[in-house]
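Right, one structure below, let's go through it.
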Amino acid sequence: MLYRKMPKSGDELSILGFGCMRLPSKEDSSIDEERATRQVRDAIDQGVNYVDTAWPYHMGESEPFLGRALMGGYREKVNIATKLPSWLVETREDMDKFLNAQLEKLQTDRIEYYLAHSLVGDEWDRLEKLGIHEFFDEAKADGRIKYAGFSFHGKGSDFNHIVDSYEWDFCQIQYNYLDEEKQAGTAGLEYAASKGLAVMIMEPLRGGKLTHPVPPEVKDIWDRAPTRKTPAEWGLRWVWNHPEVTVVLSGMNEEAHIEENLRVADEAYPNSLTEQELQLVAQAEKKYRELMKVSCTGCLYCMPCTAGVNIPNCFEVYNDKYLSGKPEEADLHYVVQLSGIIYGGETGFASQCIQCGKCLKKCPQHIDIPAVLATVVEEMERDDLEQRVAKAKEMFKQV
């Protein structure tokens, strides 16, 4: 296992972190605790020292599971990362309430890496007014947390502002070879690193969408490599090639995937990919773009929408439905991302489009946005949208 240092403290962290959002499950969707415990402990035995969870993962069962899985001496071997459920916070007191509950769930007196979960610009501004600076300062001072950070899913234009708004120790961003210009992107990665933040990466394989199923056209590109690598290795190695990256989180739930990721994490030095290999990744990225239903780059030029449609998110989930081969998962993501459930904000469904056409003049990709949104409505909303929203609300309720 390779390790990289946290810039501000010098702490050495395994470059591979174990993500506990997609643990193996039983038929009733509950965590297969025996198998998941075995997986987590095996990864720790092979050098993983960073384990990531959050309040809503697995319907609120991920944190209690992890507390049990780390018994028997494993707690002392790892750094725990978990997250303040920002969208549920209404008062300064709520912040302490959630943190103390998480300490109890995790059966620990400290959380090494504590994040404000899934920030966007407006949400951070709201939390600042509620006193989150004071909360982090006090939690660090009294030892309940060691380092303060945030995870980010917002606009790139908001990222630097959040980085500069508090004395953060680390941040967590979505990053892979399809997302260089989405959310924080490469610019955000480099900016955070320049400010001395450790950068943890989520979705390095886009939730598995870069590994299964692999479109034949992309497989042909990988097959041209002089040294063969699996699609997962290509994706992980590309992220680890960036020296600004500290930890890459993988939601591992298959033993074979865990072993593969551990193997790659023994070899993935920064700046180790050759120019030829980087060109192959660029070709694969280009081919994925060609295969996508919508050639949206997430530039946000079309936003804000007069009718409140979250156009980039609608297109992203629609594309994922065809690239991933997981239509049911895409249906869930569509409801969760566009319903406003997490942030308590306004909905952004494609069906809100009023066909005003204002977005057409703004799109640099010349996408017929209203026409594509109509297709998204037909394929992603259907007649059971209300029932799916209700189910998602139950999933993300306060637990």
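Residue numbering restarts at 1 in every chain; chains get A, B, ... in the order shown in the structure tokens, and ligands count up from 1 in that same order.
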
| request: Name the residues in contact with Val48 (chain A) at a cut-off of 10 Å, using only C-alpha atoms, excluding same-chain residues fewer than 2 positions from it; report them as a ChimeraX atom specification. | output: /A:1-3,13-18,40-46,50-51,77-79,262,265

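Nearest to Val317 (chain A) of all the residues A:Arg68, A:Lys209, A:His257, A:Lys146 is A:Lys209, based on only C-alpha atoms.
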
Give me, as a tab-separated table, the closest atom pair and its distance (Å, one decimal) for every residue of region 265-306 of chain A within a cut-off of 12 Å of region 325-348 of chain A, counting only C-alpha atoms, rows sorted by chain and rising number.
```
residue	atom	partner	partner_atom	distance
A:Met303	CA	A:Gly348	CA	11.4
A:Pro304	CA	A:Gly348	CA	10.6
A:Cys305	CA	A:Gly348	CA	9.2
A:Thr306	CA	A:Gly348	CA	10.9
```

Env of Leu99 (chain A): 10 Å cut, atoms = only C-alpha atoms, seq-sep filter 3 positions within chain, self excluded. Answer as a short mmCIF file (atom, residue, chain, number, x, y, z; two decimals) with N, CA and C atoms, in the first residue's frame.
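Saved file result29.cif follows:
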```
data_model
loop_
_atom_site.label_atom_id
_atom_site.label_comp_id
_atom_site.auth_asym_id
_atom_site.auth_seq_id
_atom_site.Cartn_x
_atom_site.Cartn_y
_atom_site.Cartn_z
N TRP A 55 -23.91 9.99 7.55
CA TRP A 55 -25.18 9.85 8.26
C TRP A 55 -26.24 9.08 7.45
N THR A 82 -16.44 10.87 8.59
CA THR A 82 -17.89 10.91 8.42
C THR A 82 -18.32 12.36 8.32
N LYS A 83 -19.62 12.58 8.16
CA LYS A 83 -20.07 13.89 7.67
C LYS A 83 -21.28 14.42 8.44
N LEU A 84 -21.24 15.70 8.70
CA LEU A 84 -22.39 16.41 9.26
C LEU A 84 -23.47 16.49 8.19
N PRO A 85 -24.68 15.97 8.45
CA PRO A 85 -25.75 16.03 7.44
C PRO A 85 -26.29 17.46 7.33
N ASP A 94 -27.97 21.95 16.59
CA ASP A 94 -28.12 20.72 15.79
C ASP A 94 -26.75 20.15 15.41
N MET A 95 -25.78 21.00 15.16
CA MET A 95 -24.46 20.53 14.75
C MET A 95 -23.85 19.64 15.82
N ASP A 96 -23.91 20.09 17.07
CA ASP A 96 -23.41 19.27 18.17
C ASP A 96 -24.25 18.01 18.35
N GLN A 102 -23.25 10.76 16.18
CA GLN A 102 -22.36 9.98 15.32
C GLN A 102 -21.23 9.35 16.12
N LEU A 103 -20.71 10.06 17.10
CA LEU A 103 -19.70 9.46 17.98
C LEU A 103 -20.25 8.23 18.67
N GLU A 104 -21.51 8.31 19.10
CA GLU A 104 -22.14 7.17 19.75
C GLU A 104 -22.36 6.02 18.77
N LYS A 105 -22.84 6.35 17.58
CA LYS A 105 -23.06 5.31 16.57
C LYS A 105 -21.76 4.58 16.22
N ARG A 110 -13.76 10.07 19.19
CA ARG A 110 -13.20 11.06 18.28
C ARG A 110 -13.45 10.62 16.83
N ILE A 111 -13.56 11.57 15.97
CA ILE A 111 -13.63 11.33 14.53
C ILE A 111 -12.49 12.11 13.90
N TYR A 114 -13.78 14.99 9.80
CA TYR A 114 -15.20 15.33 9.87
C TYR A 114 -15.51 16.39 8.83
N ALA A 139 -15.28 21.80 18.24
CA ALA A 139 -15.17 20.34 18.14
C ALA A 139 -13.71 19.90 18.02
N ARG A 144 -13.31 16.15 19.88
CA ARG A 144 -14.30 15.28 19.24
C ARG A 144 -13.95 15.02 17.78
N ILE A 145 -13.33 16.00 17.13
CA ILE A 145 -12.83 15.78 15.77
C ILE A 145 -11.38 16.25 15.71
#
```

| message | To test your reading of the structure, identify every residue in region 13-90 of chain A that backbone DSSP assigns to alpha helix (DSSP H), and report it as a ChimeraX atom specification. | response | /A:33-45,57-60,62-69

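Between Lys195 (chain A) and the residues A:Lys8, A:His212, A:Lys219, A:Lys391, the shortest atom-to-atom distance, using only C-alpha atoms, involves A:Lys8.
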
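With only C-alpha atoms as the atoms that count, the minimum distance from Arg224 (chain A) to the choices A:Gln107, A:Gln355, A:Asn160, A:Gln283 is reached by A:Gln283.
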
Would you kindly return, as a PDB file with N, CA and C atoms, in the first residue's frame, each protein, DNA or RNA residue with an atom no farther than 12 Å from any atom of Glu379 (chain A), considering only C-alpha atoms and excluding same-chain residues fewer than 4 positions away?
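Listing of part_39.pdb after writing:
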```pdb
ATOM      1  N   CYS A 314     -30.190  17.003 -14.966  1.00  0.00           N
ATOM      2  CA  CYS A 314     -31.109  16.172 -15.751  1.00  0.00           C
ATOM      3  C   CYS A 314     -30.349  15.414 -16.837  1.00  0.00           C
ATOM      4  N   PHE A 315     -29.469  16.112 -17.526  1.00  0.00           N
ATOM      5  CA  PHE A 315     -28.717  15.485 -18.613  1.00  0.00           C
ATOM      6  C   PHE A 315     -27.688  14.485 -18.098  1.00  0.00           C
ATOM      7  N   VAL A 317     -27.814  12.575 -15.344  1.00  0.00           N
ATOM      8  CA  VAL A 317     -28.452  11.323 -14.939  1.00  0.00           C
ATOM      9  C   VAL A 317     -28.986  10.576 -16.154  1.00  0.00           C
ATOM     10  N   TYR A 318     -29.500  11.302 -17.126  1.00  0.00           N
ATOM     11  CA  TYR A 318     -29.990  10.676 -18.359  1.00  0.00           C
ATOM     12  C   TYR A 318     -28.852   9.961 -19.084  1.00  0.00           C
ATOM     13  N   ASN A 319     -27.701  10.604 -19.182  1.00  0.00           N
ATOM     14  CA  ASN A 319     -26.535   9.959 -19.788  1.00  0.00           C
ATOM     15  C   ASN A 319     -26.118   8.720 -19.005  1.00  0.00           C
ATOM     16  N   LYS A 321     -27.781   6.740 -17.312  1.00  0.00           N
ATOM     17  CA  LYS A 321     -28.692   5.613 -17.519  1.00  0.00           C
ATOM     18  C   LYS A 321     -28.213   4.720 -18.651  1.00  0.00           C
ATOM     19  N   TYR A 322     -27.627   5.320 -19.681  1.00  0.00           N
ATOM     20  CA  TYR A 322     -27.187   4.548 -20.849  1.00  0.00           C
ATOM     21  C   TYR A 322     -25.728   4.121 -20.757  1.00  0.00           C
ATOM     22  N   PRO A 327     -30.289   1.132 -15.088  1.00  0.00           N
ATOM     23  CA  PRO A 327     -31.402   2.085 -15.194  1.00  0.00           C
ATOM     24  C   PRO A 327     -32.121   2.342 -13.874  1.00  0.00           C
ATOM     25  N   GLU A 328     -32.243   1.317 -13.014  1.00  0.00           N
ATOM     26  CA  GLU A 328     -32.937   1.514 -11.740  1.00  0.00           C
ATOM     27  C   GLU A 328     -32.159   2.468 -10.838  1.00  0.00           C
ATOM     28  N   ALA A 330     -30.144   4.789 -11.902  1.00  0.00           N
ATOM     29  CA  ALA A 330     -30.282   6.111 -12.512  1.00  0.00           C
ATOM     30  C   ALA A 330     -31.631   6.733 -12.148  1.00  0.00           C
ATOM     31  N   ASP A 331     -32.688   5.919 -12.111  1.00  0.00           N
ATOM     32  CA  ASP A 331     -33.998   6.427 -11.722  1.00  0.00           C
ATOM     33  C   ASP A 331     -33.965   6.991 -10.305  1.00  0.00           C
ATOM     34  N   TYR A 334     -32.012  10.248 -10.231  1.00  0.00           N
ATOM     35  CA  TYR A 334     -32.799  11.335 -10.820  1.00  0.00           C
ATOM     36  C   TYR A 334     -33.719  11.951  -9.768  1.00  0.00           C
ATOM     37  N   ALA A 350     -37.106  17.863 -15.155  1.00  0.00           N
ATOM     38  CA  ALA A 350     -37.218  18.217 -16.573  1.00  0.00           C
ATOM     39  C   ALA A 350     -38.632  18.634 -16.950  1.00  0.00           C
ATOM     40  N   SER A 351     -39.615  18.066 -16.261  1.00  0.00           N
ATOM     41  CA  SER A 351     -41.013  18.376 -16.576  1.00  0.00           C
ATOM     42  C   SER A 351     -41.396  19.808 -16.234  1.00  0.00           C
ATOM     43  N   VAL A 372     -34.563  17.790 -25.715  1.00  0.00           N
ATOM     44  CA  VAL A 372     -33.950  16.713 -24.936  1.00  0.00           C
ATOM     45  C   VAL A 372     -34.626  16.586 -23.577  1.00  0.00           C
ATOM     46  N   LEU A 373     -34.993  17.709 -22.961  1.00  0.00           N
ATOM     47  CA  LEU A 373     -35.697  17.649 -21.682  1.00  0.00           C
ATOM     48  C   LEU A 373     -37.021  16.902 -21.823  1.00  0.00           C
ATOM     49  N   ALA A 374     -37.684  17.074 -22.942  1.00  0.00           N
ATOM     50  CA  ALA A 374     -38.939  16.347 -23.172  1.00  0.00           C
ATOM     51  C   ALA A 374     -38.686  14.842 -23.203  1.00  0.00           C
ATOM     52  N   THR A 375     -37.554  14.441 -23.793  1.00  0.00           N
ATOM     53  CA  THR A 375     -37.192  13.018 -23.808  1.00  0.00           C
ATOM     54  C   THR A 375     -36.864  12.536 -22.407  1.00  0.00           C
ATOM     55  N   ASP A 383     -45.039   7.839 -15.153  1.00  0.00           N
ATOM     56  CA  ASP A 383     -46.269   8.123 -14.415  1.00  0.00           C
ATOM     57  C   ASP A 383     -46.133   7.892 -12.915  1.00  0.00           C
ATOM     58  N   ASP A 384     -44.966   7.367 -12.474  1.00  0.00           N
ATOM     59  CA  ASP A 384     -44.839   7.005 -11.066  1.00  0.00           C
ATOM     60  C   ASP A 384     -43.879   7.919 -10.312  1.00  0.00           C
ATOM     61  N   LEU A 385     -43.686   9.134 -10.821  1.00  0.00           N
ATOM     62  CA  LEU A 385     -42.703  10.033 -10.209  1.00  0.00           C
ATOM     63  C   LEU A 385     -43.059  10.348  -8.763  1.00  0.00           C
TER      64      LEU A 385
END
```

| request: Identify, on the basis of only C-alpha atoms, every residue whose closest approach to Arg75 (chain A) does not exceed 9 Å; exclude the query and any residue fewer than 6 positions from it along the same chain; express the result as a ChimeraX atom specification. | output: /A:67,69,108

The selected residues should be written to file as an mmCIF file, in the first residue's frame (atoms: N, CA and C atoms).
```cif
data_model
loop_
_atom_site.group_PDB
_atom_site.id
_atom_site.type_symbol
_atom_site.label_atom_id
_atom_site.label_comp_id
_atom_site.auth_asym_id
_atom_site.auth_seq_id
_atom_site.Cartn_x
_atom_site.Cartn_y
_atom_site.Cartn_z
ATOM 1 N N GLY A 67 -19.019 1.118 13.342
ATOM 2 C CA GLY A 67 -18.628 1.052 14.746
ATOM 3 C C GLY A 67 -18.421 -0.374 15.205
ATOM 4 N N ALA A 69 -17.866 -3.005 13.120
ATOM 5 C CA ALA A 69 -16.837 -3.649 12.306
ATOM 6 C C ALA A 69 -15.431 -3.319 12.792
ATOM 7 N N THR A 108 -16.993 5.576 19.359
ATOM 8 C CA THR A 108 -15.676 6.183 19.463
ATOM 9 C C THR A 108 -15.799 7.530 20.159
#
```
